[in-house]
Amino acid sequence: MTKAAELRQKDVAALEAEVKSLQKAHFGLRMQKATQQLGNTATLKATRRDIARAKTILAEKQAAK
């Protein structure tokens, strides 16, 4: 789980890369769930919220330009 304070220290390019990597990780988790290989399904929710947190901070930084 990434903290909002950590994300706020990153610049726009780093935040975009973070969102992309989180989306890739979320896709992998969804595939594991579909093939019933995912043990802890709570990680899906946590990853989804991390993506939302990163996108929110990214939008704030882009609006502040």
# chains A, B, ... in the order shown; residues from 1 in each chain; ligands from 1

$ select_by_dssp --residues "chain A" --states "alpha helix (DSSP H)" --output "PyMOL selection string"
chain A and resi 4-8+12-34+42-63

$ write_last_selection --atoms "C-alpha atoms" --output "PDB file, in the first residue's frame"
ATOM      1  CA  ALA A   4      -0.453   9.631  -0.115  1.00  0.00           C
ATOM      2  CA  ALA A   5       2.487  11.531   1.385  1.00  0.00           C
ATOM      3  CA  GLU A   6       4.928   9.364  -0.584  1.00  0.00           C
ATOM      4  CA  LEU A   7       2.996   9.951  -3.797  1.00  0.00           C
ATOM      5  CA  ARG A   8       2.849  13.725  -3.277  1.00  0.00           C
ATOM      6  CA  VAL A  12       4.052  14.032 -12.703  1.00  0.00           C
ATOM      7  CA  ALA A  13       6.119  11.609 -14.809  1.00  0.00           C
ATOM      8  CA  ALA A  14       6.832   9.401 -11.796  1.00  0.00           C
ATOM      9  CA  LEU A  15       3.148   9.399 -10.849  1.00  0.00           C
ATOM     10  CA  GLU A  16       2.148   8.367 -14.374  1.00  0.00           C
ATOM     11  CA  ALA A  17       4.656   5.512 -14.200  1.00  0.00           C
ATOM     12  CA  GLU A  18       3.286   4.523 -10.776  1.00  0.00           C
ATOM     13  CA  VAL A  19      -0.288   4.412 -12.108  1.00  0.00           C
ATOM     14  CA  LYS A  20       0.812   2.310 -15.069  1.00  0.00           C
ATOM     15  CA  SER A  21       2.672  -0.187 -12.880  1.00  0.00           C
ATOM     16  CA  LEU A  22      -0.258  -0.422 -10.445  1.00  0.00           C
ATOM     17  CA  GLN A  23      -2.656  -1.075 -13.323  1.00  0.00           C
ATOM     18  CA  LYS A  24      -0.361  -3.806 -14.614  1.00  0.00           C
ATOM     19  CA  ALA A  25      -0.211  -5.365 -11.141  1.00  0.00           C
ATOM     20  CA  HIS A  26      -4.004  -5.147 -10.822  1.00  0.00           C
ATOM     21  CA  PHE A  27      -4.425  -6.900 -14.170  1.00  0.00           C
ATOM     22  CA  GLY A  28      -2.142  -9.700 -12.997  1.00  0.00           C
ATOM     23  CA  LEU A  29      -4.151 -10.075  -9.802  1.00  0.00           C
ATOM     24  CA  ARG A  30      -7.403 -10.224 -11.787  1.00  0.00           C
ATOM     25  CA  MET A  31      -5.963 -12.988 -13.966  1.00  0.00           C
ATOM     26  CA  GLN A  32      -4.885 -14.911 -10.862  1.00  0.00           C
ATOM     27  CA  LYS A  33      -8.402 -14.569  -9.462  1.00  0.00           C
ATOM     28  CA  ALA A  34      -9.940 -15.760 -12.721  1.00  0.00           C
ATOM     29  CA  ALA A  42      -8.303  -8.301  -0.482  1.00  0.00           C
ATOM     30  CA  THR A  43      -5.220  -7.346  -2.480  1.00  0.00           C
ATOM     31  CA  LEU A  44      -7.513  -6.537  -5.412  1.00  0.00           C
ATOM     32  CA  LYS A  45      -9.324  -3.889  -3.383  1.00  0.00           C
ATOM     33  CA  ALA A  46      -6.080  -2.496  -1.991  1.00  0.00           C
ATOM     34  CA  THR A  47      -4.543  -2.230  -5.462  1.00  0.00           C
ATOM     35  CA  ARG A  48      -7.655  -0.576  -6.854  1.00  0.00           C
ATOM     36  CA  ARG A  49      -7.547   2.018  -4.075  1.00  0.00           C
ATOM     37  CA  ASP A  50      -3.823   2.609  -4.635  1.00  0.00           C
ATOM     38  CA  ILE A  51      -4.575   3.311  -8.308  1.00  0.00           C
ATOM     39  CA  ALA A  52      -7.320   5.763  -7.344  1.00  0.00           C
ATOM     40  CA  ARG A  53      -5.043   7.476  -4.810  1.00  0.00           C
ATOM     41  CA  ALA A  54      -2.268   7.880  -7.375  1.00  0.00           C
ATOM     42  CA  LYS A  55      -4.666   9.148 -10.061  1.00  0.00           C
ATOM     43  CA  THR A  56      -6.167  11.689  -7.656  1.00  0.00           C
ATOM     44  CA  ILE A  57      -2.777  13.127  -6.726  1.00  0.00           C
ATOM     45  CA  LEU A  58      -1.756  13.121 -10.396  1.00  0.00           C
ATOM     46  CA  ALA A  59      -4.888  15.099 -11.304  1.00  0.00           C
ATOM     47  CA  GLU A  60      -4.196  17.568  -8.482  1.00  0.00           C
ATOM     48  CA  LYS A  61      -0.643  18.152  -9.703  1.00  0.00           C
ATOM     49  CA  GLN A  62      -1.755  18.570 -13.321  1.00  0.00           C
ATOM     50  CA  ALA A  63      -4.468  21.043 -12.311  1.00  0.00           C
TER      51      ALA A  63
END
